[in-house]
file structure_33.cif (mmCIF, C-alpha atoms (C1' of nucleotides))
data_query
#
loop_
_atom_site.label_atom_id
_atom_site.label_comp_id
_atom_site.auth_asym_id
_atom_site.auth_seq_id
_atom_site.Cartn_x
_atom_site.Cartn_y
_atom_site.Cartn_z
CA MET A 134 52.08 91.85 103.01
CA LYS A 135 52.26 92.95 99.44
CA PRO A 136 55.40 94.68 98.42
CA HIS A 137 53.52 97.14 96.23
CA ARG A 138 53.69 99.80 98.81
CA GLU A 139 57.40 99.36 99.30
CA LEU A 140 58.05 99.14 95.59
CA ASN A 141 56.43 102.49 95.15
CA ILE A 142 58.46 104.01 97.90
CA PHE A 143 61.57 102.67 96.28
CA ARG A 144 60.53 103.85 92.85
CA LYS A 145 59.90 107.33 94.12
CA TYR A 146 63.10 107.34 96.02
CA LEU A 147 65.00 106.54 92.85
CA GLU A 148 63.07 108.96 90.74
CA LYS A 149 63.61 111.77 93.16
CA ARG A 150 67.33 111.55 92.66
CA GLY A 151 67.43 110.66 89.02
CA LEU A 152 68.32 107.02 89.55
CA LYS A 153 67.05 104.14 87.51
CA LEU A 154 65.09 101.07 88.38
CA THR A 155 67.29 98.58 86.59
CA SER A 156 66.53 94.92 86.23
CA GLU A 157 69.17 94.10 88.83
CA ARG A 158 67.69 96.44 91.40
CA ARG A 159 64.30 95.04 90.63
CA ALA A 160 65.44 91.44 90.97
CA LEU A 161 67.07 92.18 94.28
CA PHE A 162 64.01 93.93 95.52
CA ASP A 163 61.77 91.04 94.53
CA GLU A 164 63.97 88.45 96.11
CA LEU A 165 64.08 90.45 99.26
CA PHE A 166 60.39 90.94 99.55
CA ALA A 167 59.55 87.44 98.43
CA ARG A 168 59.72 86.03 101.85
CA HIS A 169 62.65 86.87 103.99
CA GLU A 170 62.62 89.03 107.05
CA HIS A 171 66.28 88.91 107.94
CA PHE A 172 69.14 88.14 105.62
CA GLU A 173 72.75 88.86 104.85
CA ALA A 174 74.21 90.35 101.74
CA ASP A 175 75.90 87.17 100.58
CA GLU A 176 72.78 85.17 101.23
CA LEU A 177 71.01 87.29 98.67
CA LEU A 178 73.84 86.80 96.24
CA VAL A 179 73.59 83.05 96.49
CA ARG A 180 69.84 83.03 96.28
CA LEU A 181 69.82 85.14 93.18
CA ARG A 182 72.55 83.09 91.62
CA THR A 183 70.57 79.90 92.05
CA LYS A 184 67.70 81.62 90.30
CA HIS A 185 69.96 82.25 87.34
CA LYS A 186 70.07 85.95 88.00
CA LYS A 187 73.64 87.00 88.09
CA ILE A 188 74.22 90.07 90.12
CA SER A 189 77.68 90.99 91.21
CA ARG A 190 78.51 91.37 94.82
CA ALA A 191 79.24 95.04 94.34
CA THR A 192 75.77 95.62 92.98
CA ILE A 193 74.18 93.78 95.85
CA TYR A 194 75.86 96.08 98.29
CA ARG A 195 75.16 99.16 96.24
CA THR A 196 71.50 98.32 95.96
CA LEU A 197 71.24 97.44 99.60
CA ASP A 198 72.62 100.86 100.38
CA LEU A 199 69.88 102.44 98.35
CA LEU A 200 67.22 100.38 100.05
CA VAL A 201 68.54 101.28 103.45
CA ASP A 202 68.75 104.89 102.51
CA SER A 203 65.22 104.87 101.19
CA GLY A 204 64.08 103.58 104.54
CA ILE A 205 62.46 100.31 103.53
CA VAL A 206 65.31 98.13 104.69
CA GLY A 207 67.28 98.31 107.90
CA ARG A 208 70.93 97.51 108.37
CA VAL A 209 71.84 95.82 111.62
CA ARG A 210 75.00 94.64 113.23
CA ILE A 211 73.76 91.50 114.76
CA GLY A 212 76.28 88.76 114.44
CA GLU A 213 79.90 88.88 115.21
CA SER A 214 80.86 90.05 111.79
CA GLY A 215 79.18 91.73 108.91
CA TYR A 216 75.73 93.22 108.65
CA ARG A 217 72.32 91.75 108.50
CA TYR A 218 69.48 93.43 106.75
CA GLU A 219 65.82 93.38 107.49
CA ARG A 220 62.64 94.61 105.97
CA LEU A 221 61.12 97.53 107.73
CA ARG A 222 57.45 98.20 107.79
CA ALA A 223 56.66 101.86 107.70
CA GLY A 224 56.62 103.39 111.13
CA GLU A 225 57.19 100.11 112.86
CA HIS A 226 60.20 99.42 114.86
CA HIS A 227 61.50 96.64 116.99
CA ASP A 228 64.57 95.46 118.82
CA HIS A 229 66.22 92.08 118.95
CA LEU A 230 66.73 89.06 121.12
CA ILE A 231 69.52 87.02 119.60
CA CYS A 232 70.21 83.43 120.50
CA ASN A 233 73.88 82.60 120.79
CA GLU A 234 73.16 78.95 120.21
CA CYS A 235 70.94 78.73 117.18
CA GLY A 236 71.22 82.23 115.81
CA ARG A 237 67.51 82.77 115.98
CA VAL A 238 66.48 86.41 116.04
CA ILE A 239 63.40 87.33 118.01
CA GLU A 240 61.92 90.74 117.55
CA PHE A 241 60.41 92.64 120.39
CA PHE A 242 58.93 96.02 120.94
CA GLU A 243 58.57 97.63 124.31
CA PRO A 244 57.07 101.10 124.21
CA ALA A 245 58.12 101.83 127.74
CA ILE A 246 61.75 101.31 126.81
CA GLU A 247 61.38 103.57 123.83
CA SER A 248 60.04 106.40 125.89
CA LEU A 249 62.70 105.94 128.53
CA GLN A 250 65.22 106.27 125.77
CA ASP A 251 63.74 109.59 124.83
CA GLN A 252 64.09 110.70 128.40
CA VAL A 253 67.71 109.70 128.47
CA CYS A 254 68.35 111.70 125.33
CA GLU A 255 66.72 114.74 126.76
CA ARG A 256 68.83 114.43 129.84
CA TYR A 257 71.98 114.69 127.73
CA GLY A 258 70.73 117.10 125.11
CA PHE A 259 71.24 114.34 122.62
CA LEU A 260 69.35 114.21 119.35
CA ALA A 261 68.77 110.55 118.61
CA LEU A 262 68.58 109.53 114.98
CA SER A 263 68.61 105.80 115.33
CA HIS A 264 69.17 103.18 117.90
CA SER A 265 70.11 99.62 118.28
CA HIS A 266 69.16 97.47 121.19
CA GLN A 267 70.02 93.83 121.32
CA LEU A 268 69.98 91.21 124.00
CA ARG A 269 72.10 88.14 123.47
CA GLY A 270 71.60 84.89 125.25
CA ILE A 271 69.81 81.61 124.96
CA CYS A 272 66.35 81.27 123.55
CA ARG A 273 63.58 79.18 125.01
CA GLN A 274 64.18 76.33 122.58
CA CYS A 275 67.89 76.10 123.27
CA ARG A 276 67.80 76.44 127.01
CA PRO A 277 67.25 72.80 127.94
CA ARG A 278 70.02 71.65 125.64
CA VAL A 279 72.49 74.21 126.93
CA THR A 280 71.89 73.91 130.62
CA SER A 281 72.31 70.15 130.54
CA ARG A 282 75.55 70.47 128.61
CA GLU A 283 76.74 73.05 131.13
CA ALA A 284 77.14 70.38 133.81
CA GLY A 285 80.25 68.96 132.14
CA VAL A 286 81.93 72.26 131.41
CA ALA A 287 84.79 73.21 133.68
CA ALA A 288 84.87 76.99 133.60
CA SER A 289 83.58 78.53 130.44
CA GLY A 290 84.17 82.15 131.28
CA SER A 291 82.06 84.27 133.49
CA PRO A 292 81.44 83.21 137.05
CA GLY A 293 77.94 84.53 137.59
CA LYS A 294 75.59 82.95 135.10
CA LEU A 295 72.30 84.71 135.09
CA ARG A 296 73.28 88.33 135.28
CA ILE A 297 73.09 90.56 132.30
CA LEU A 298 76.70 91.21 131.69
CA PRO A 299 77.87 94.42 130.19
CA THR A 300 78.87 93.76 126.64
CA ALA A 301 78.15 97.22 125.45
CA MET B 790 90.76 103.97 140.56
CA LYS B 791 93.73 101.76 141.04
CA PRO B 792 94.08 98.84 138.73
CA HIS B 793 95.22 96.58 141.54
CA ARG B 794 91.88 95.03 141.89
CA GLU B 795 91.61 94.32 138.19
CA LEU B 796 95.16 93.10 137.99
CA ASN B 797 94.39 90.53 140.61
CA ILE B 798 91.30 89.40 138.81
CA PHE B 799 93.34 89.01 135.67
CA ARG B 800 96.13 87.20 137.48
CA LYS B 801 93.70 84.76 139.00
CA TYR B 802 91.96 84.28 135.73
CA LEU B 803 95.24 83.32 134.10
CA GLU B 804 96.34 81.14 136.95
CA LYS B 805 93.10 79.27 137.01
CA ARG B 806 93.68 78.04 133.50
CA GLY B 807 97.41 77.61 133.57
CA LEU B 808 98.21 80.68 131.52
CA LYS B 809 101.12 82.98 132.09
CA LEU B 810 101.35 86.62 132.90
CA THR B 811 103.93 87.51 130.29
CA SER B 812 105.54 90.88 129.93
CA GLU B 813 103.45 91.58 126.87
CA ARG B 814 100.19 90.86 128.64
CA ARG B 815 101.34 92.98 131.50
CA ALA B 816 102.31 95.89 129.26
CA LEU B 817 98.99 95.76 127.52
CA PHE B 818 97.15 95.65 130.78
CA ASP B 819 99.06 98.63 132.11
CA GLU B 820 98.52 100.70 129.03
CA LEU B 821 94.89 99.92 129.12
CA PHE B 822 94.39 100.82 132.73
CA ALA B 823 96.67 103.83 132.55
CA ARG B 824 93.96 106.15 131.49
CA HIS B 825 91.71 105.12 128.69
CA GLU B 826 88.08 104.24 128.97
CA HIS B 827 87.37 103.40 125.38
CA PHE B 828 89.84 102.32 122.77
CA GLU B 829 90.35 100.22 119.71
CA ALA B 830 92.78 97.40 119.23
CA ASP B 831 95.00 99.25 116.78
CA GLU B 832 95.03 102.28 119.00
CA LEU B 833 96.66 100.19 121.69
CA LEU B 834 99.15 98.86 119.21
CA VAL B 835 100.23 102.33 118.24
CA ARG B 836 100.37 103.56 121.79
CA LEU B 837 102.53 100.69 122.90
CA ARG B 838 104.78 101.08 119.90
CA THR B 839 105.44 104.70 120.71
CA LYS B 840 106.42 103.59 124.18
CA HIS B 841 109.04 101.29 122.69
CA LYS B 842 107.10 98.22 123.64
CA LYS B 843 106.71 96.11 120.58
CA ILE B 844 103.72 93.87 120.72
CA SER B 845 102.43 92.25 117.61
CA ARG B 846 98.93 92.78 116.46
CA ALA B 847 98.13 89.14 116.98
CA THR B 848 99.14 89.39 120.61
CA ILE B 849 97.05 92.49 121.13
CA TYR B 850 93.99 90.67 119.93
CA ARG B 851 94.83 87.53 121.83
CA THR B 852 95.31 89.41 125.05
CA LEU B 853 92.21 91.46 124.54
CA ASP B 854 90.30 88.22 124.19
CA LEU B 855 91.59 87.10 127.52
CA LEU B 856 90.69 90.36 129.17
CA VAL B 857 87.22 90.24 127.75
CA ASP B 858 86.82 86.67 128.80
CA SER B 859 88.01 87.45 132.29
CA GLY B 860 85.32 90.07 132.51
CA ILE B 861 87.39 93.17 133.16
CA VAL B 862 87.13 94.53 129.64
CA GLY B 863 84.10 94.77 127.43
CA ARG B 864 83.98 94.39 123.68
CA VAL B 865 81.56 96.62 121.86
CA ARG B 866 80.49 97.08 118.30
CA ILE B 867 80.17 100.79 118.26
CA GLY B 868 81.43 102.25 115.05
CA GLU B 869 80.66 101.14 111.59
CA SER B 870 83.45 98.66 111.55
CA GLY B 871 85.55 96.81 114.04
CA TYR B 872 85.28 96.60 117.79
CA ARG B 873 85.91 99.02 120.54
CA TYR B 874 86.93 97.92 123.97
CA GLU B 875 86.21 99.48 127.29
CA ARG B 876 87.15 98.96 130.86
CA LEU B 877 84.44 97.49 132.98
CA ARG B 878 84.12 98.18 136.65
CA ALA B 879 82.86 95.24 138.57
CA GLY B 880 79.11 95.08 138.61
CA GLU B 881 78.75 98.37 136.82
CA HIS B 882 77.16 98.60 133.49
CA HIS B 883 76.15 101.32 131.10
CA ASP B 884 74.90 101.87 127.62
CA HIS B 885 75.97 104.32 124.96
CA LEU B 886 74.99 107.51 123.23
CA ILE B 887 77.17 107.86 120.17
CA CYS B 888 77.57 111.07 118.25
CA ASN B 889 77.63 110.61 114.50
CA GLU B 890 79.42 113.91 114.09
CA CYS B 891 82.31 113.91 116.50
CA GLY B 892 82.36 110.28 117.54
CA ARG B 893 81.98 111.15 121.17
CA VAL B 894 80.66 108.30 123.29
CA ILE B 895 78.46 109.20 126.21
CA GLU B 896 77.70 106.54 128.75
CA PHE B 897 74.35 106.31 130.41
CA PHE B 898 72.64 104.00 132.79
CA GLU B 899 68.91 103.79 133.20
CA PRO B 900 67.79 101.21 135.75
CA ALA B 901 64.23 101.34 134.53
CA ILE B 902 65.33 100.26 131.08
CA GLU B 903 67.34 97.43 132.54
CA SER B 904 64.41 96.06 134.43
CA LEU B 905 62.13 96.37 131.46
CA GLN B 906 64.64 94.33 129.54
CA ASP B 907 64.35 91.62 132.12
CA GLN B 908 60.62 91.66 131.68
CA VAL B 909 60.94 91.33 127.95
CA CYS B 910 63.21 88.33 128.40
CA GLU B 911 60.80 86.68 130.72
CA ARG B 912 58.05 87.22 128.23
CA TYR B 913 59.97 85.22 125.65
CA GLY B 914 61.57 82.68 127.95
CA PHE B 915 64.88 84.12 126.89
CA LEU B 916 67.97 83.83 129.05
CA ALA B 917 69.92 87.03 128.53
CA LEU B 918 73.67 86.84 128.86
CA SER B 919 74.65 90.23 127.59
CA HIS B 920 73.14 93.16 125.89
CA SER B 921 74.05 96.13 123.82
CA HIS B 922 72.04 99.27 123.65
CA GLN B 923 73.19 102.22 121.65
CA LEU B 924 71.58 105.40 120.48
CA ARG B 925 73.18 107.21 117.59
CA GLY B 926 72.62 110.80 116.77
CA ILE B 927 73.99 114.24 117.45
CA CYS B 928 75.39 115.29 120.76
CA ARG B 929 74.71 118.55 122.49
CA GLN B 930 77.97 120.09 121.34
CA CYS B 931 77.45 119.23 117.69
CA ARG B 932 73.83 120.14 117.39
CA PRO B 933 74.22 123.85 116.62
CA ARG B 934 76.79 123.15 113.95
CA VAL B 935 74.75 120.44 112.29
CA THR B 936 71.38 122.13 112.24
CA SER B 937 72.80 125.25 110.65
CA ARG B 938 74.49 123.19 107.97
CA GLU B 939 71.27 121.32 107.36
CA ALA B 940 69.70 124.39 105.78
CA GLY B 941 71.75 123.97 102.63
CA VAL B 942 71.19 120.26 102.20
CA ALA B 943 68.74 119.24 99.50
CA ALA B 944 67.47 115.84 100.56
CA SER B 945 69.89 113.90 102.65
CA GLY B 946 67.81 110.79 103.13
CA SER B 947 64.96 110.38 105.52
CA PRO B 948 62.00 112.67 105.30
CA GLY B 949 61.06 112.86 108.95
CA LYS B 950 63.95 114.24 110.93
CA LEU B 951 63.43 113.80 114.60
CA ARG B 952 61.99 110.37 114.86
CA ILE B 953 64.02 107.52 116.16
CA LEU B 954 64.42 105.48 113.06
CA PRO B 955 64.78 101.76 113.24
CA THR B 956 68.36 100.89 112.62
CA ALA B 957 68.28 97.70 114.57
"C1'" DC C 589 118.93 75.19 136.60
"C1'" DG C 590 116.30 72.82 133.09
"C1'" DC C 591 112.28 71.69 130.95
"C1'" DC C 592 108.23 72.21 128.35
"C1'" DA C 593 103.64 73.95 127.86
"C1'" DG C 594 102.33 78.26 126.89
"C1'" DT C 595 103.51 82.45 124.23
"C1'" DT C 596 105.28 85.42 120.85
"C1'" DG C 597 106.10 87.88 116.19
"C1'" DA C 598 106.02 87.85 111.33
"C1'" DG C 599 103.56 87.50 107.76
"C1'" DA C 600 100.24 84.87 105.10
"C1'" DC C 601 95.47 84.50 105.04
"C1'" DT C 602 90.31 85.35 105.31
"C1'" DG C 603 85.90 87.52 104.69
"C1'" DA C 604 83.18 91.44 104.33
"C1'" DG C 605 82.82 95.28 102.02
"C1'" DT C 606 84.56 99.05 98.65
"C1'" DC C 607 86.48 101.12 94.50
"C1'" DG C 608 87.87 102.21 89.61
"C1'" DC C 609 86.89 101.64 85.13
"C1'" DA C 610 85.43 100.10 80.62
"C1'" DA C 611 81.35 98.20 78.74
"C1'" DT C 612 76.40 98.43 78.94
"C1'" DC C 613 71.74 99.90 79.86
"C1'" DG C 614 67.40 102.96 80.87
"C1'" DC C 615 64.89 106.14 79.44
"C1'" DA C 616 63.83 110.94 78.05
"C1'" DT C 617 63.65 113.09 73.97
"C1'" DA C 618 63.25 113.69 69.00
"C1'" DT D 1297 61.96 103.65 66.60
"C1'" DA D 1298 66.39 105.70 66.89
"C1'" DT D 1299 69.77 108.60 69.54
"C1'" DG D 1300 72.39 110.21 73.33
"C1'" DC D 1301 74.22 110.31 77.66
"C1'" DG D 1302 74.26 109.89 82.44
"C1'" DA D 1303 73.47 106.08 85.43
"C1'" DT D 1304 74.71 101.33 86.17
"C1'" DT D 1305 76.97 97.08 85.95
"C1'" DG D 1306 80.57 93.38 86.54
"C1'" DC D 1307 85.04 92.40 87.17
"C1'" DG D 1308 88.83 92.14 89.74
"C1'" DA D 1309 91.97 94.50 92.54
"C1'" DC D 1310 91.99 96.48 96.92
"C1'" DT D 1311 91.33 97.55 101.98
"C1'" DC D 1312 90.76 96.70 106.64
"C1'" DA D 1313 90.01 94.21 110.81
"C1'" DG D 1314 90.83 90.25 112.63
"C1'" DT D 1315 92.72 85.25 112.60
"C1'" DC D 1316 95.93 81.62 111.86
"C1'" DT D 1317 100.39 79.07 111.41
"C1'" DC D 1318 104.63 77.95 112.92
"C1'" DA D 1319 109.35 78.28 114.33
"C1'" DA D 1320 111.66 80.58 117.93
"C1'" DC D 1321 111.27 81.97 122.55
"C1'" DT D 1322 109.84 82.41 127.59
"C1'" DG D 1323 107.72 81.95 132.47
"C1'" DG D 1324 107.83 79.64 136.28
"C1'" DC D 1325 107.17 74.83 138.39
"C1'" DG D 1326 109.98 71.08 140.02
#
call {"tool": "encode", "arguments": {"input": "structure_33.cif", "output": "structure tokens"}}
result
Amino acid sequence: MKPHRELNIFRKYLEKRGLKLTSERRALFDELFARHEHFEADELLVRLRTKHKKISRATIYRTLDLLVDSGIVGRVRIGESGYRYERLRAGEHHDHLICNECGRVIEFFEPAIESLQDQVCERYGFLALSHSHQLRGICRQCRPRVTSREAGVAASGSPGKLRILPTA
Amino acid sequence: MKPHRELNIFRKYLEKRGLKLTSERRALFDELFARHEHFEADELLVRLRTKHKKISRATIYRTLDLLVDSGIVGRVRIGESGYRYERLRAGEHHDHLICNECGRVIEFFEPAIESLQDQVCERYGFLALSHSHQLRGICRQCRPRVTSREAGVAASGSPGKLRILPTA
DNA sequence: CGCCAGTTGAGACTGAGTCGCAATCGCATA
DNA sequence: TATGCGATTGCGACTCAGTCTCAACTGGCG
């Protein structure tokens, strides 16, 4: 995917509100669209630093805000602390499976869930603007490792193992 | 609902791992089950303080961890920062509609969504341990207020208004 | 009753994110 | 190409939620 499309969106977004496409914003944008699907703010900082581009932390966050606001980047609360960001392709949307072991993030999209959501909203007269849907657990790759380790563990918390426990 | 049941669960949980039911833990438990469905850590701190029970912040968090671990309280990332906690009734589970305007949290449960989730997990060989599903937007009560205000706003962000935008 | 592992409170600490401000830059215009 | 000025930047101080350390203090088993 070429970032041209997104660059234009960003450019227009800035223009529309009299903001400037500075070299810092541009560098951040490029880094972001160079490869990475998911990333954290500080990750970007480090990456840019190693490329000799010095951008202050404040600017990273400020620019990320703009990108989120312009709709080409999404902000997600995935881990235990802090945000993660992800590129958004226009009109597309997905939710997340997050592995507690390796941190892997798997994206999924289930239209039936989406439409059920709409029904729920209607039921409550709720106008949904965004949503976040995440399942946490163990991914396919980590399962063998974890279940074998489990044998030695005394009592690591919840009694029932396979149920989807209410975390939120 | 009487907290007896939950108290016993908690007691057993502590016992099982050689922990003690101190007066602080007890006070926190009581406060929590006195009334409140959703709350934040600092909220509890304040509430207990006004009742002349002094519990340090550290202890609040430590005890909350125990309660979460024992399964009678859930930890949720609802707002923009920090956690919220909520009482869990055994076996019950619900997800959240969160109003961006007034902060109201509406609980909902949609079995069809739950089972679709299971299907998604199967598809990816993912072992789900918990999940979090939240829709953010405007609740019924706030909608009139917001839409009328909207008229005066120039360009507050996203072009399309009613779509469910990908936030996560 | 005495012991001691478990627990507490105070406050220092951390990490993510924000803010204020002086110096600097983009860019529209001349 | 030079000018002007609002937008932008980096720095460092700050906030806020949550964690950690450690000496003093229990709960409750024996």
call {"tool": "interface_residues", "arguments": {"input": "structure_33.cif", "of": "chain A", "to": "chain D", "cutoff": "9 Å", "atoms": "all atoms listed in the file", "output": "PyMOL selection string"}}
result
chain A and resi 151-153+155+157+188-192
call {"tool": "resolve_selection", "arguments": {"input": "structure_33.cif", "expression": "the PyMOL selection byres ((chain A and resi 147) around 12)", "output": "list of chain:residue names"}}
result
A:Leu140, A:Asn141, A:Ile142, A:Phe143, A:Arg144, A:Lys145, A:Tyr146, A:Glu148, A:Lys149, A:Arg150, A:Gly151, A:Leu152, A:Lys153, A:Leu154, A:Thr155, A:Arg158, A:Arg159, A:Thr196, A:Leu199, A:Leu200, A:Asp202, A:Ser203, B:Gly946, D:DA1303
call {"tool": "atom_distance", "arguments": {"input": "structure_33.cif", "atom1": "atom CA of B:Asn889", "atom2": "atom CA of B:Cys931"}}
result
9.2 Å
call {"tool": "calpha_fit_rmsd", "arguments": {"input": "structure_33.cif", "fixed": "chain B", "moving": "chain A"}}
result
0.1 Å
call {"tool": "atom_distance", "arguments": {"input": "structure_33.cif", "atom1": "atom CA of A:Arg256", "atom2": "atom CA of B:Val862"}}
result
27.0 Å
call {"tool": "atom_distance", "arguments": {"input": "structure_33.cif", "atom1": "atom CA of A:Tyr257", "atom2": "atom CA of B:Arg929"}}
result
7.1 Å
call {"tool": "closest_residue", "arguments": {"input": "structure_33.cif", "among": "B:Ser870, B:Arg864, B:Glu899, B:Val857", "to": "chain C", "atoms": "only C-alpha atoms (C1' of nucleotides)"}}
result
B:Ser870
call {"tool": "closest_residue", "arguments": {"input": "structure_33.cif", "among": "A:Phe172, A:Phe166, A:Tyr194, A:Leu249", "to": "chain C", "atoms": "only C-alpha atoms (C1' of nucleotides)"}}
result
A:Tyr194
call {"tool": "interface_residues", "arguments": {"input": "structure_33.cif", "of": "chain C", "to": "chain A", "cutoff": "12 Å", "atoms": "only C-alpha atoms (C1' of nucleotides)", "output": "PyMOL selection string"}}
result
chain C and resi 603-607+612-616
call {"tool": "residues_around", "arguments": {"input": "structure_33.cif", "residues": "stretch 881-888 of chain B", "least_positions_apart": "5", "cutoff": "8 Å", "atoms": "all atoms listed in the file", "output": "PyMOL selection string"}}
result
(chain A and resi 259+298-299+301) or (chain B and resi 867+893-899+921-928)
call {"tool": "closest_residue", "arguments": {"input": "structure_33.cif", "among": "B:Cys891, B:Ala816, B:Leu821, B:Leu877", "to": "chain A", "atoms": "only C-alpha atoms"}}
result
B:Leu877
call {"tool": "decode", "arguments": {"input": "structure_33.cif", "residues": "stretch 243-260 of chain A", "atoms": "N, CA and C atoms", "output": "PDB file, in the first residue's frame"}}
result
ATOM      1  N   GLU A 243     -15.643  -9.255  12.053  1.00  0.00           N
ATOM      2  CA  GLU A 243     -16.794 -10.146  12.023  1.00  0.00           C
ATOM      3  C   GLU A 243     -18.047  -9.299  11.816  1.00  0.00           C
ATOM      4  N   PRO A 244     -18.494  -9.247  10.579  1.00  0.00           N
ATOM      5  CA  PRO A 244     -19.622  -8.367  10.241  1.00  0.00           C
ATOM      6  C   PRO A 244     -20.839  -8.625  11.120  1.00  0.00           C
ATOM      7  N   ALA A 245     -21.048  -9.880  11.440  1.00  0.00           N
ATOM      8  CA  ALA A 245     -22.236 -10.198  12.232  1.00  0.00           C
ATOM      9  C   ALA A 245     -22.167  -9.514  13.594  1.00  0.00           C
ATOM     10  N   ILE A 246     -20.964  -9.461  14.156  1.00  0.00           N
ATOM     11  CA  ILE A 246     -20.831  -8.779  15.443  1.00  0.00           C
ATOM     12  C   ILE A 246     -21.131  -7.300  15.284  1.00  0.00           C
ATOM     13  N   GLU A 247     -20.604  -6.734  14.206  1.00  0.00           N
ATOM     14  CA  GLU A 247     -20.824  -5.313  13.990  1.00  0.00           C
ATOM     15  C   GLU A 247     -22.311  -4.990  13.924  1.00  0.00           C
ATOM     16  N   SER A 248     -23.048  -5.828  13.227  1.00  0.00           N
ATOM     17  CA  SER A 248     -24.455  -5.473  13.075  1.00  0.00           C
ATOM     18  C   SER A 248     -25.221  -5.733  14.370  1.00  0.00           C
ATOM     19  N   LEU A 249     -24.766  -6.706  15.127  1.00  0.00           N
ATOM     20  CA  LEU A 249     -25.397  -6.909  16.435  1.00  0.00           C
ATOM     21  C   LEU A 249     -25.144  -5.704  17.338  1.00  0.00           C
ATOM     22  N   GLN A 250     -23.978  -5.150  17.208  1.00  0.00           N
ATOM     23  CA  GLN A 250     -23.670  -3.949  17.969  1.00  0.00           C
ATOM     24  C   GLN A 250     -24.670  -2.842  17.663  1.00  0.00           C
ATOM     25  N   ASP A 251     -24.912  -2.684  16.373  1.00  0.00           N
ATOM     26  CA  ASP A 251     -25.864  -1.652  15.976  1.00  0.00           C
ATOM     27  C   ASP A 251     -27.220  -1.890  16.623  1.00  0.00           C
ATOM     28  N   GLN A 252     -27.590  -3.158  16.659  1.00  0.00           N
ATOM     29  CA  GLN A 252     -28.878  -3.474  17.276  1.00  0.00           C
ATOM     30  C   GLN A 252     -28.891  -3.115  18.747  1.00  0.00           C
ATOM     31  N   VAL A 253     -27.802  -3.418  19.408  1.00  0.00           N
ATOM     32  CA  VAL A 253     -27.717  -3.092  20.829  1.00  0.00           C
ATOM     33  C   VAL A 253     -27.882  -1.588  21.035  1.00  0.00           C
ATOM     34  N   CYS A 254     -27.200  -0.826  20.182  1.00  0.00           N
ATOM     35  CA  CYS A 254     -27.280   0.626  20.305  1.00  0.00           C
ATOM     36  C   CYS A 254     -28.707   1.117  20.139  1.00  0.00           C
ATOM     37  N   GLU A 255     -29.351   0.586  19.131  1.00  0.00           N
ATOM     38  CA  GLU A 255     -30.726   0.976  18.905  1.00  0.00           C
ATOM     39  C   GLU A 255     -31.591   0.719  20.138  1.00  0.00           C
ATOM     40  N   ARG A 256     -31.349  -0.445  20.689  1.00  0.00           N
ATOM     41  CA  ARG A 256     -32.118  -0.854  21.860  1.00  0.00           C
ATOM     42  C   ARG A 256     -32.025   0.192  22.974  1.00  0.00           C
ATOM     43  N   TYR A 257     -30.867   0.827  23.089  1.00  0.00           N
ATOM     44  CA  TYR A 257     -30.669   1.766  24.196  1.00  0.00           C
ATOM     45  C   TYR A 257     -30.739   3.222  23.749  1.00  0.00           C
ATOM     46  N   GLY A 258     -31.076   3.431  22.493  1.00  0.00           N
ATOM     47  CA  GLY A 258     -31.101   4.799  21.994  1.00  0.00           C
ATOM     48  C   GLY A 258     -29.739   5.448  22.041  1.00  0.00           C
ATOM     49  N   PHE A 259     -28.725   4.622  21.848  1.00  0.00           N
ATOM     50  CA  PHE A 259     -27.353   5.080  21.990  1.00  0.00           C
ATOM     51  C   PHE A 259     -26.774   5.365  20.612  1.00  0.00           C
ATOM     52  N   LEU A 260     -26.121   6.504  20.477  1.00  0.00           N
ATOM     53  CA  LEU A 260     -25.476   6.837  19.219  1.00  0.00           C
ATOM     54  C   LEU A 260     -24.001   6.486  19.300  1.00  0.00           C
TER      55      LEU A 260
END
